[in-house]
>>> print(open('input_37.tsv').read())   # TSV, C-alpha atoms
chain	number	residue	atom	x	y	z
I	310	MET	CA	12.35	-40.47	-16.91
I	311	GLN	CA	10.35	-39.93	-13.73
I	312	LYS	CA	13.54	-39.00	-11.82
I	313	ILE	CA	14.42	-36.45	-14.50
I	314	LYS	CA	10.99	-34.84	-14.14
I	315	ILE	CA	11.39	-34.66	-10.36
I	316	ILE	CA	14.85	-33.07	-10.66
I	317	LEU	CA	13.63	-30.52	-13.22
I	318	THR	CA	10.69	-29.66	-10.96
I	319	LEU	CA	13.01	-29.11	-8.01
I	320	ILE	CA	15.33	-26.94	-10.09
I	321	PHE	CA	12.39	-24.85	-11.29
I	322	THR	CA	11.03	-24.46	-7.76
I	323	LEU	CA	14.39	-23.44	-6.29
I	324	ASN	CA	15.06	-20.95	-9.07
I	325	PHE	CA	11.59	-19.51	-8.68
I	326	CYS	CA	12.06	-19.11	-4.93
I	327	MET	CA	15.45	-17.48	-5.45
I	328	ALA	CA	13.91	-15.10	-7.95
I	329	PHE	CA	11.37	-14.07	-5.33
I	330	ALA	CA	13.91	-13.88	-2.50
I	331	HIS	CA	14.04	-10.32	-1.33
I	332	SER	CA	14.73	-7.93	1.47
I	333	ASP	CA	12.65	-4.96	2.47
I	334	PHE	CA	13.38	-1.67	0.76
I	335	TYR	CA	12.17	1.88	1.05
I	336	ARG	CA	11.00	4.58	-1.34
I	337	ILE	CA	11.23	8.29	-0.61
I	338	GLU	CA	9.55	11.32	-2.17
I	339	ASP	CA	9.46	15.00	-1.20
I	340	PHE	CA	6.39	17.22	-1.48
I	341	GLY	CA	7.29	20.76	-0.49
I	342	ASN	CA	8.22	20.66	3.20
I	343	VAL	CA	6.88	17.08	3.54
I	344	LYS	CA	9.18	14.08	3.17
I	345	VAL	CA	7.49	10.69	2.71
I	346	ARG	CA	9.16	7.32	3.23
I	347	ILE	CA	7.59	3.89	2.94
I	348	THR	CA	9.35	0.65	3.88
I	349	THR	CA	7.89	-2.45	2.24
I	350	GLY	CA	8.80	-5.77	0.67
I	351	PHE	CA	7.34	-5.74	-2.86
I	352	ASN	CA	6.02	-3.20	-5.35
I	353	TYR	CA	2.66	-2.80	-3.72
I	354	GLU	CA	0.15	-0.14	-4.70
I	355	GLU	CA	0.55	1.16	-1.16
I	356	ILE	CA	3.69	2.94	-2.40
I	357	ASN	CA	1.71	5.10	-4.81
I	358	LYS	CA	-1.01	5.66	-2.22
I	359	VAL	CA	1.29	7.04	0.50
I	360	PHE	CA	2.71	9.50	-2.03
I	361	LEU	CA	-0.83	10.77	-2.55
I	362	LEU	CA	-1.00	11.22	1.23
I	363	GLY	CA	2.22	13.23	1.05
I	364	GLN	CA	0.60	15.61	-1.42
I	365	LEU	CA	-2.42	16.01	0.86
I	366	ALA	CA	-0.12	16.63	3.82
I	367	GLU	CA	1.68	19.36	1.89
I	368	GLN	CA	-1.64	21.11	1.20
I	369	PHE	CA	-2.73	20.70	4.82
I	370	ALA	CA	0.51	22.17	6.18
I	371	LYS	CA	-0.01	25.22	3.97
I	372	GLN	CA	-3.57	25.58	5.24
I	373	LEU	CA	-2.30	25.48	8.83
I	374	ASN	CA	0.53	27.91	7.98
I	375	TYR	CA	3.21	25.40	8.98
I	376	SER	CA	6.31	25.62	6.80
I	377	GLU	CA	8.82	23.67	8.91
I	378	PRO	CA	9.95	20.16	7.83
I	379	ILE	CA	7.56	17.21	8.23
I	380	PHE	CA	8.52	13.55	7.95
I	381	LEU	CA	5.82	10.92	7.28
I	382	ASP	CA	7.31	7.47	7.82
I	383	PHE	CA	5.20	4.46	6.80
I	384	SER	CA	6.21	0.93	7.86
I	385	HIS	CA	4.21	-1.42	5.66
I	386	TYR	CA	3.16	-4.64	7.42
I	387	TYR	CA	2.39	-6.49	4.20
I	388	VAL	CA	2.18	-10.17	5.24
I	389	GLY	CA	-1.36	-9.90	6.64
I	390	ASN	CA	-3.69	-7.76	8.67
I	391	CYS	CA	-2.46	-6.20	11.90
I	392	GLU	CA	-3.52	-3.78	14.61
I	393	PRO	CA	-2.06	-0.44	13.42
I	394	ASP	CA	0.27	1.58	15.62
I	395	TYR	CA	1.09	5.29	15.49
I	396	PHE	CA	3.92	7.45	16.82
I	397	ILE	CA	4.51	11.21	16.91
I	398	SER	CA	7.78	12.91	17.79
I	399	TYR	CA	9.96	15.92	17.07
I	400	ASP	CA	13.49	14.82	16.15
I	401	LYS	CA	15.71	13.81	13.23
I	402	GLY	CA	13.85	10.61	12.44
I	403	LYS	CA	16.35	8.19	13.92
I	404	ILE	CA	15.39	4.55	14.61
I	405	HIS	CA	17.46	2.48	17.02
I	406	TYR	CA	17.09	-1.17	15.94
I	407	THR	CA	17.29	-3.38	19.02
I	408	TRP	CA	17.72	-6.62	17.05
I	409	ASN	CA	21.05	-5.62	15.51
I	410	LYS	CA	23.19	-2.88	16.98
I	411	LYS	CA	25.40	-2.74	13.89
I	412	SER	CA	22.44	-1.76	11.71
I	413	ASN	CA	21.38	1.23	13.79
I	414	GLU	CA	20.17	4.05	11.62
I	415	LYS	CA	21.88	7.40	11.86
I	416	ASP	CA	19.88	10.61	11.97
I	417	PHE	CA	17.70	10.32	8.88
I	418	LEU	CA	16.94	14.03	8.68
I	419	GLN	CA	19.30	16.99	8.73
I	420	ASN	CA	17.11	19.02	11.06
I	421	ASN	CA	14.60	18.32	13.80
I	422	SER	CA	11.17	17.83	12.28
I	423	ILE	CA	7.69	16.65	13.05
I	424	VAL	CA	7.97	12.87	12.66
I	425	ILE	CA	4.81	10.81	12.20
I	426	ARG	CA	5.26	7.04	12.02
I	427	GLN	CA	2.59	4.54	11.10
I	428	VAL	CA	2.81	0.74	11.16
I	429	SER	CA	-0.05	-0.87	9.28
I	430	ARG	CA	-1.08	-2.94	6.29
I	431	HIS	CA	-3.04	-0.04	4.79
I	432	PHE	CA	-2.57	3.70	5.19
I	433	ASP	CA	-5.39	6.17	4.71
I	434	ALA	CA	-5.78	9.89	4.26
I	435	GLN	CA	-8.04	10.57	7.24
I	436	THR	CA	-5.68	9.00	9.78
I	437	THR	CA	-2.62	10.70	8.30
I	438	LEU	CA	-4.22	14.14	8.30
I	439	LYS	CA	-5.51	13.81	11.86
I	440	LEU	CA	-2.06	12.78	13.06
I	441	LEU	CA	-0.49	15.73	11.24
I	442	GLU	CA	-3.06	18.21	12.52
I	443	TYR	CA	-2.48	17.09	16.10
I	444	ALA	CA	1.29	17.31	15.69
I	445	ILE	CA	1.22	20.83	14.24
I	446	LEU	CA	-1.24	22.18	16.80
I	447	ASN	CA	0.57	20.56	19.74
I	448	ILE	CA	4.20	20.92	18.67
I	449	ASP	CA	5.36	22.43	21.99
I	450	ASN	CA	3.78	19.61	24.03
I	451	ILE	CA	5.36	17.02	21.75
I	452	LYS	CA	8.80	18.51	22.30
I	453	SER	CA	8.26	18.52	26.07
I	454	PHE	CA	6.61	15.14	26.62
I	455	GLN	CA	8.07	12.82	23.99
I	456	LYS	CA	10.21	10.02	25.37
I	457	LYS	CA	12.12	6.99	24.21
I	458	ILE	CA	9.87	3.94	23.87
I	459	GLU	CA	10.53	0.34	22.91
I	460	TYR	CA	8.32	-1.13	20.19
I	461	LYS	CA	8.34	-4.87	19.49
I	462	LYS	CA	5.38	-5.63	17.26
I	463	ASN	CA	4.65	-6.28	13.60
I	464	TYR	CA	8.24	-7.32	12.79
I	465	CYS	CA	9.55	-4.04	14.20
I	466	GLN	CA	12.10	-3.98	17.02
I	467	TRP	CA	12.64	-0.29	17.61
I	468	ASN	CA	13.66	2.23	20.19
I	469	ILE	CA	12.12	5.50	19.00
I	470	ASN	CA	10.85	8.78	20.36
I	471	SER	CA	7.10	9.30	20.69
I	472	ILE	CA	4.46	10.88	22.83
I	473	ASP	CA	2.02	8.57	24.65
I	474	THR	CA	0.62	6.18	22.02
I	475	THR	CA	-2.64	5.67	23.93
I	476	LEU	CA	-3.19	9.42	23.69
I	477	ILE	CA	-2.64	9.24	19.92
I	478	LYS	CA	-5.20	6.47	19.44
I	479	LYS	CA	-7.71	8.29	21.63
I	480	MET	CA	-7.28	11.39	19.48
I	481	LEU	CA	-7.89	9.35	16.31
I	482	ASP	CA	-11.27	8.27	17.68
I	483	GLU	CA	-12.40	11.90	17.89
I	484	PRO	CA	-14.50	13.39	15.04
I	485	ASN	CA	-12.68	15.09	12.18
I	486	SER	CA	-12.10	18.82	12.38
I	487	ILE	CA	-13.51	21.10	9.71
I	488	GLN	CA	-9.97	21.63	8.40
I	489	VAL	CA	-9.34	17.88	8.00
I	490	ASN	CA	-12.61	17.40	6.13
I	491	GLN	CA	-11.76	20.28	3.81
I	492	ILE	CA	-8.44	18.71	2.82
I	493	LEU	CA	-9.98	15.23	2.52
I	494	ASN	CA	-12.26	16.68	-0.13
I	495	PHE	CA	-9.18	17.65	-2.16
I	496	LYS	CA	-8.99	15.45	-5.28
I	497	ILE	CA	-5.64	13.88	-6.24
I	498	GLU	CA	-5.09	11.54	-9.19
I	499	ARG	CA	-2.70	8.60	-8.92
I	500	ASP	CA	-0.54	9.70	-11.86
I	501	LYS	CA	0.55	13.18	-12.77
I	502	ASP	CA	0.22	14.17	-16.44
I	503	PHE	CA	-2.31	11.36	-17.03
I	504	LYS	CA	-3.94	11.77	-20.45
I	505	TYR	CA	-6.50	9.03	-21.09
I	506	GLY	CA	-7.53	5.52	-20.07
I	507	VAL	CA	-8.30	3.97	-16.68
I	508	LEU	CA	-6.98	5.45	-13.45
I	509	TYR	CA	-8.13	6.30	-9.93
I	510	TYR	CA	-8.18	9.37	-7.74
I	511	LEU	CA	-8.25	9.85	-3.98
I	512	GLN	CA	-11.02	12.00	-2.50
I	513	ASP	CA	-12.93	11.92	0.82
I	514	ASN	CA	-10.75	9.02	2.04
I	515	LYS	CA	-11.98	6.79	-0.81
I	516	TYR	CA	-10.64	5.74	-4.20
I	517	THR	CA	-12.66	6.31	-7.35
I	518	ILE	CA	-11.81	4.40	-10.52
I	519	PHE	CA	-12.55	6.49	-13.60
I	520	TYR	CA	-12.15	6.37	-17.34
I	521	ARG	CA	-10.78	9.38	-19.21
I	522	GLY	CA	-11.60	9.59	-22.89
I	523	TYR	CA	-11.49	12.31	-25.48
I	524	ASP	CA	-14.93	13.43	-24.34
I	525	GLY	CA	-14.01	13.79	-20.68
I	526	ASP	CA	-13.98	11.75	-17.46
I	527	ARG	CA	-16.48	9.16	-16.30
I	528	ASP	CA	-16.46	7.78	-12.75
I	529	LEU	CA	-16.93	4.00	-12.67
I	530	ILE	CA	-16.75	2.76	-9.08
I	531	THR	CA	-15.72	4.11	-5.67
I	532	LEU	CA	-13.86	1.78	-3.29
I	533	ASP	CA	-12.78	1.99	0.34
I	534	ASN	CA	-9.36	0.64	-0.63
I	535	VAL	CA	-7.20	-0.17	-3.64
I	536	TYR	CA	-4.97	-3.10	-2.73
I	537	ASP	CA	-3.48	-3.35	-6.23
I	538	PHE	CA	-3.93	-1.57	-9.54
I	539	LYS	CA	-2.70	-3.18	-12.75
I	540	ARG	CA	-3.29	-1.40	-16.03
I	541	ILE	CA	-2.90	-3.97	-18.84
I	542	ASP	CA	-3.87	-1.59	-21.62
I	543	TYR	CA	-4.80	2.06	-21.65
I	544	ALA	CA	-8.49	1.05	-21.44
I	545	TYR	CA	-8.15	-2.12	-19.33
I	546	ALA	CA	-7.25	-2.49	-15.69
I	547	VAL	CA	-7.50	-5.08	-12.93
I	548	VAL	CA	-8.30	-3.42	-9.61
I	549	PHE	CA	-7.97	-5.38	-6.37
I	550	ASP	CA	-9.94	-4.02	-3.43
I	551	THR	CA	-8.53	-6.73	-1.14
I	552	ASP	CA	-5.75	-9.30	-1.37
I	553	SER	CA	-8.15	-11.85	-2.86
I	554	SER	CA	-10.86	-9.92	-4.73
I	555	PHE	CA	-10.83	-7.74	-7.83
I	556	TYR	CA	-12.82	-5.92	-10.49
I	557	PHE	CA	-12.01	-5.86	-14.18
I	558	ILE	CA	-12.35	-2.40	-15.70
I	559	ASN	CA	-13.05	-1.89	-19.41
I	560	HIS	CA	-15.11	1.30	-19.83
I	561	LYS	CA	-17.41	-0.42	-17.34
I	562	VAL	CA	-17.03	-2.43	-14.13
I	563	SER	CA	-17.21	-6.23	-13.92
I	564	ASP	CA	-18.70	-8.22	-11.10
I	565	ARG	CA	-16.52	-8.51	-8.00
I	566	HIS	CA	-14.50	-11.73	-8.35
I	567	ILE	CA	-13.07	-13.70	-5.43
I	568	ILE	CA	-9.86	-15.70	-5.78
I	569	GLN	CA	-10.41	-18.88	-3.80
I	570	ASP	CA	-7.95	-20.80	-1.62
I	571	THR	CA	-5.10	-18.28	-1.61
I	572	ASP	CA	-3.81	-19.65	1.72
I	573	GLY	CA	-2.91	-16.18	2.95
I	574	TYR	CA	-0.93	-15.25	-0.16
I	575	TYR	CA	0.27	-11.67	0.31
I	576	ARG	CA	2.48	-10.82	-2.67
I	577	PRO	CA	1.31	-8.86	-5.72
I	578	TYR	CA	-0.20	-11.10	-8.39
I	579	LYS	CA	1.39	-11.45	-11.80
I	580	ILE	CA	-1.18	-10.22	-14.31
I	581	GLU	CA	-0.85	-10.40	-18.09
I	582	TYR	CA	-3.18	-9.71	-20.99
I	583	MET	CA	-3.22	-12.81	-23.18
I	584	GLY	CA	-5.22	-11.40	-26.07
I	585	GLY	CA	-8.47	-12.89	-27.25
I	586	ASN	CA	-10.43	-11.45	-24.31
I	587	LYS	CA	-8.37	-13.36	-21.74
I	588	VAL	CA	-6.33	-12.15	-18.76
I	589	SER	CA	-3.94	-14.37	-16.80
I	590	ILE	CA	-3.70	-13.96	-13.01
I	591	TYR	CA	-0.87	-16.00	-11.55
I	592	PHE	CA	0.46	-16.51	-8.06
I	593	TYR	CA	3.02	-18.85	-6.56
I	594	ASP	CA	4.52	-19.09	-3.10
I	595	CYS	CA	7.18	-21.74	-2.57
I	596	PHE	CA	6.94	-21.22	1.20
I	597	ILE	CA	3.36	-22.49	1.37
I	598	ILE	CA	3.61	-26.27	1.64
I	599	ASN	CA	0.39	-27.59	0.17
I	600	LYS	CA	-1.21	-28.28	-3.17
I	601	ASN	CA	-2.69	-24.78	-3.48
I	602	ARG	CA	0.58	-22.90	-3.22
I	603	GLY	CA	0.56	-21.87	-6.88
I	604	ARG	CA	-2.15	-21.41	-9.46
I	605	ASN	CA	-2.90	-19.85	-12.82
I	606	LEU	CA	-6.33	-18.23	-13.10
I	607	ILE	CA	-7.92	-17.01	-16.32
I	608	TYR	CA	-10.37	-14.15	-16.47
I	609	LEU	CA	-12.66	-14.21	-19.53
I	610	MET	CA	-13.50	-10.62	-20.37
I	611	CYS	CA	-16.39	-11.27	-22.72
I	612	LYS	CA	-18.17	-13.59	-20.25
I	613	ASP	CA	-17.10	-11.78	-17.07
I	614	GLU	CA	-16.07	-15.19	-15.74
I	615	LEU	CA	-13.12	-16.28	-13.62
I	616	ILE	CA	-11.58	-19.72	-14.12
I	617	GLN	CA	-10.01	-20.52	-10.76
I	618	ASP	CA	-7.49	-23.14	-11.92
I	619	LEU	CA	-6.37	-23.48	-15.54
I	620	ASP	CA	-4.30	-26.62	-14.92
I	621	LYS	CA	-7.22	-28.38	-13.28
I	622	LEU	CA	-9.45	-27.46	-16.20
I	623	ILE	CA	-6.92	-28.77	-18.74
I	624	ASN	CA	-6.40	-32.03	-16.85
I	625	LYS	CA	-10.13	-32.51	-16.54
I	626	GLU	CA	-10.55	-32.29	-20.26
>>> encode(input="input_37.tsv", output="structure tokens")
Amino acid sequence: MQKIKIILTLIFTLNFCMAFAHSDFYRIEDFGNVKVRITTGFNYEEINKVFLLGQLAEQFAKQLNYSEPIFLDFSHYYVGNCEPDYFISYDKGKIHYTWNKKSNEKDFLQNNSIVIRQVSRHFDAQTTLKLLEYAILNIDNIKSFQKKIEYKKNYCQWNINSIDTTLIKKMLDEPNSIQVNQILNFKIERDKDFKYGVLYYLQDNKYTIFYRGYDGDRDLITLDNVYDFKRIDYAYAVVFDTDSSFYFINHKVSDRHIIQDTDGYYRPYKIEYMGGNKVSIYFYDCFIINKNRGRNLIYLMCKDELIQDLDKLINKE
């Protein structure tokens, strides 16, 4: 009987790992003359966030009277924190992959365009707008001084065009221009045609969670980042501000809850409303070899309490 249990456990684990096996993918959206691409590994909220940045970039290009094509290319380093890197060029968006010559990308764009690449775990409006402003105002210098560079960091092995990256980072340390601050103040909601319930909007480089009812909107909390956003009912949402902390939203904001002993877990959590004022938060990583690699947490809405390990609680009783 014990052998059967072990075999069934192994089968379950292998199937679960196969279900989570994946390869990176990209999503693309166009906003006027701005094309946005993000390359990532799972359905992170960062996808929705960079599309908000694309909308801001479209507005900013109009303000600067720039109507030529712009390509914002986001490489999402999702397995942990990293030192961000930035690249600016004027070309057709081609990446030469040094790790595999057969997989070299052809010209991604039909025409030469401003190309702004970012490699980071999180992408923000202020950085993106400052990069775009610099590119538009210095387009002739970019064409003249860009050169082929080799980049071997953050799981990227590229040969790409860019101007001097130290110059880019130095520029980002400078104060915002009046024009950048004006566009940052532009308010963009996560979902178009949103009618009522819980959502967030981007404004002034921050994310505000709000509730929209029949009597209007009510801001609930403003965060520096939204790592994940899971609406489990029109009036309920779980909002992660980091990869291990969240707020529960239900017309009001819960305490900030910390998920303990995640061992660097980096995938989106599986979140389900269980009814009866309970929410399940589940994570499992078959590549983490220790006892904490998977766990089912229960959030009790009425008590604003997080049970860190349901199995441990059941076994204790």
>>> axis_aligned_box(input="input_37.tsv", around="range 603-607 of chain I", padding_each_side="4 Å", output="JSON")
{"center_x": -3.7, "center_y": -19.4, "center_z": -11.6, "size_x": 16.5, "size_y": 12.9, "size_z": 17.4}
>>> atom_distance(input="input_37.tsv", atom1="CA of Ser453 in chain I", atom2="CA of Asn342 in chain I")
23.0 Å
>>> atom_distance(input="input_37.tsv", atom1="CA of Trp408 in chain I", atom2="CA of Cys465 in chain I")
9.0 Å
>>> closest_residue(input="input_37.tsv", among="I:Ile451, I:Thr348, I:Leu373, I:Thr474", to="Pro393 in chain I", atoms="all atoms listed in the file")
I:Thr474
>>> closest_residue(input="input_37.tsv", among="I:Asp618, I:Asp394, I:Asp339, I:Glu498", to="Gln427 in chain I", atoms="only C-alpha atoms")
I:Asp394
>>> atom_distance(input="input_37.tsv", atom1="CA of Leu622 in chain I", atom2="CA of Tyr578 in chain I")
20.4 Å
>>> closest_residue(input="input_37.tsv", among="I:Ile487, I:Ile337, I:Ile397, I:Ile347", to="Ala444 in chain I", atoms="only C-alpha atoms")
I:Ile397
>>> residues_around(input="input_37.tsv", residues="Asn420 in chain I", least_positions_apart="2", cutoff="7 Å", atoms="all atoms listed in the file", output="number ranges by chain")
I: 401, 418, 422
>>> closest_residue(input="input_37.tsv", among="I:Ser429, I:Thr517, I:Thr531, I:Asn352", to="Lys496 in chain I", atoms="only C-alpha atoms")
I:Thr517
>>> residues_around(input="input_37.tsv", residues="Phe351 in chain I", least_positions_apart="6", cutoff="8 Å", atoms="only C-alpha atoms", output="ChimeraX atom specification")
/I:333,576-577
>>> build_atoms(input="input_37.tsv", residues="range 508-536 of chain I", atoms="N, CA and C atoms", output="tab-separated table (two decimals), keeping the file's coordinate frame")
chain	number	residue	atom	x	y	z
I	508	LEU	N	-7.82	5.03	-14.58
I	508	LEU	CA	-6.98	5.45	-13.45
I	508	LEU	C	-7.88	5.57	-12.22
I	509	TYR	N	-7.30	6.00	-11.09
I	509	TYR	CA	-8.13	6.30	-9.93
I	509	TYR	C	-7.65	7.59	-9.28
I	510	TYR	N	-8.55	8.20	-8.52
I	510	TYR	CA	-8.18	9.37	-7.74
I	510	TYR	C	-8.63	9.17	-6.29
I	511	LEU	N	-7.95	9.88	-5.40
I	511	LEU	CA	-8.25	9.85	-3.98
I	511	LEU	C	-9.06	11.09	-3.63
I	512	GLN	N	-10.19	10.88	-2.96
I	512	GLN	CA	-11.02	12.00	-2.50
I	512	GLN	C	-11.94	11.49	-1.38
I	513	ASP	N	-12.07	12.27	-0.31
I	513	ASP	CA	-12.93	11.92	0.82
I	513	ASP	C	-12.57	10.55	1.41
I	514	ASN	N	-11.27	10.26	1.44
I	514	ASN	CA	-10.75	9.02	2.04
I	514	ASN	C	-11.20	7.77	1.29
I	515	LYS	N	-11.58	7.91	0.03
I	515	LYS	CA	-11.98	6.79	-0.81
I	515	LYS	C	-11.28	6.90	-2.16
I	516	TYR	N	-11.32	5.81	-2.91
I	516	TYR	CA	-10.64	5.74	-4.20
I	516	TYR	C	-11.67	5.50	-5.30
I	517	THR	N	-11.70	6.42	-6.25
I	517	THR	CA	-12.66	6.31	-7.35
I	517	THR	C	-11.93	5.95	-8.63
I	518	ILE	N	-12.34	4.83	-9.23
I	518	ILE	CA	-11.81	4.40	-10.52
I	518	ILE	C	-12.58	5.15	-11.60
I	519	PHE	N	-11.86	5.73	-12.54
I	519	PHE	CA	-12.55	6.49	-13.60
I	519	PHE	C	-11.91	6.20	-14.95
I	520	TYR	N	-12.66	6.51	-15.98
I	520	TYR	CA	-12.15	6.37	-17.34
I	520	TYR	C	-12.10	7.75	-17.98
I	521	ARG	N	-10.94	8.09	-18.52
I	521	ARG	CA	-10.78	9.38	-19.21
I	521	ARG	C	-10.66	9.14	-20.70
I	522	GLY	N	-11.61	9.67	-21.43
I	522	GLY	CA	-11.60	9.59	-22.89
I	522	GLY	C	-11.47	10.96	-23.50
I	523	TYR	N	-11.59	11.02	-24.80
I	523	TYR	CA	-11.49	12.31	-25.48
I	523	TYR	C	-12.65	13.23	-25.15
I	524	ASP	N	-13.75	12.63	-24.67
I	524	ASP	CA	-14.93	13.43	-24.34
I	524	ASP	C	-15.04	13.73	-22.86
I	525	GLY	N	-13.99	13.45	-22.09
I	525	GLY	CA	-14.01	13.79	-20.68
I	525	GLY	C	-13.87	12.58	-19.77
I	526	ASP	N	-14.13	12.79	-18.47
I	526	ASP	CA	-13.98	11.75	-17.46
I	526	ASP	C	-15.33	11.14	-17.10
I	527	ARG	N	-15.28	9.85	-16.75
I	527	ARG	CA	-16.48	9.16	-16.30
I	527	ARG	C	-16.13	8.29	-15.12
I	528	ASP	N	-16.69	8.60	-13.94
I	528	ASP	CA	-16.46	7.78	-12.75
I	528	ASP	C	-17.14	6.43	-12.92
I	529	LEU	N	-16.42	5.36	-12.48
I	529	LEU	CA	-16.93	4.00	-12.67
I	529	LEU	C	-17.32	3.33	-11.37
I	530	ILE	N	-16.46	3.39	-10.37
I	530	ILE	CA	-16.75	2.76	-9.08
I	530	ILE	C	-15.89	3.41	-8.01
I	531	THR	N	-16.44	3.56	-6.81
I	531	THR	CA	-15.72	4.11	-5.67
I	531	THR	C	-15.50	3.02	-4.64
I	532	LEU	N	-14.25	2.86	-4.19
I	532	LEU	CA	-13.86	1.78	-3.29
I	532	LEU	C	-13.27	2.35	-2.00
I	533	ASP	N	-13.41	1.60	-0.92
I	533	ASP	CA	-12.78	1.99	0.34
I	533	ASP	C	-11.26	1.83	0.28
I	534	ASN	N	-10.80	0.89	-0.55
I	534	ASN	CA	-9.36	0.64	-0.63
I	534	ASN	C	-9.00	0.13	-2.02
I	535	VAL	N	-7.78	0.44	-2.44
I	535	VAL	CA	-7.20	-0.17	-3.64
I	535	VAL	C	-5.97	-0.93	-3.18
I	536	TYR	N	-6.09	-2.26	-3.16
I	536	TYR	CA	-4.97	-3.10	-2.73
I	536	TYR	C	-3.93	-3.20	-3.84
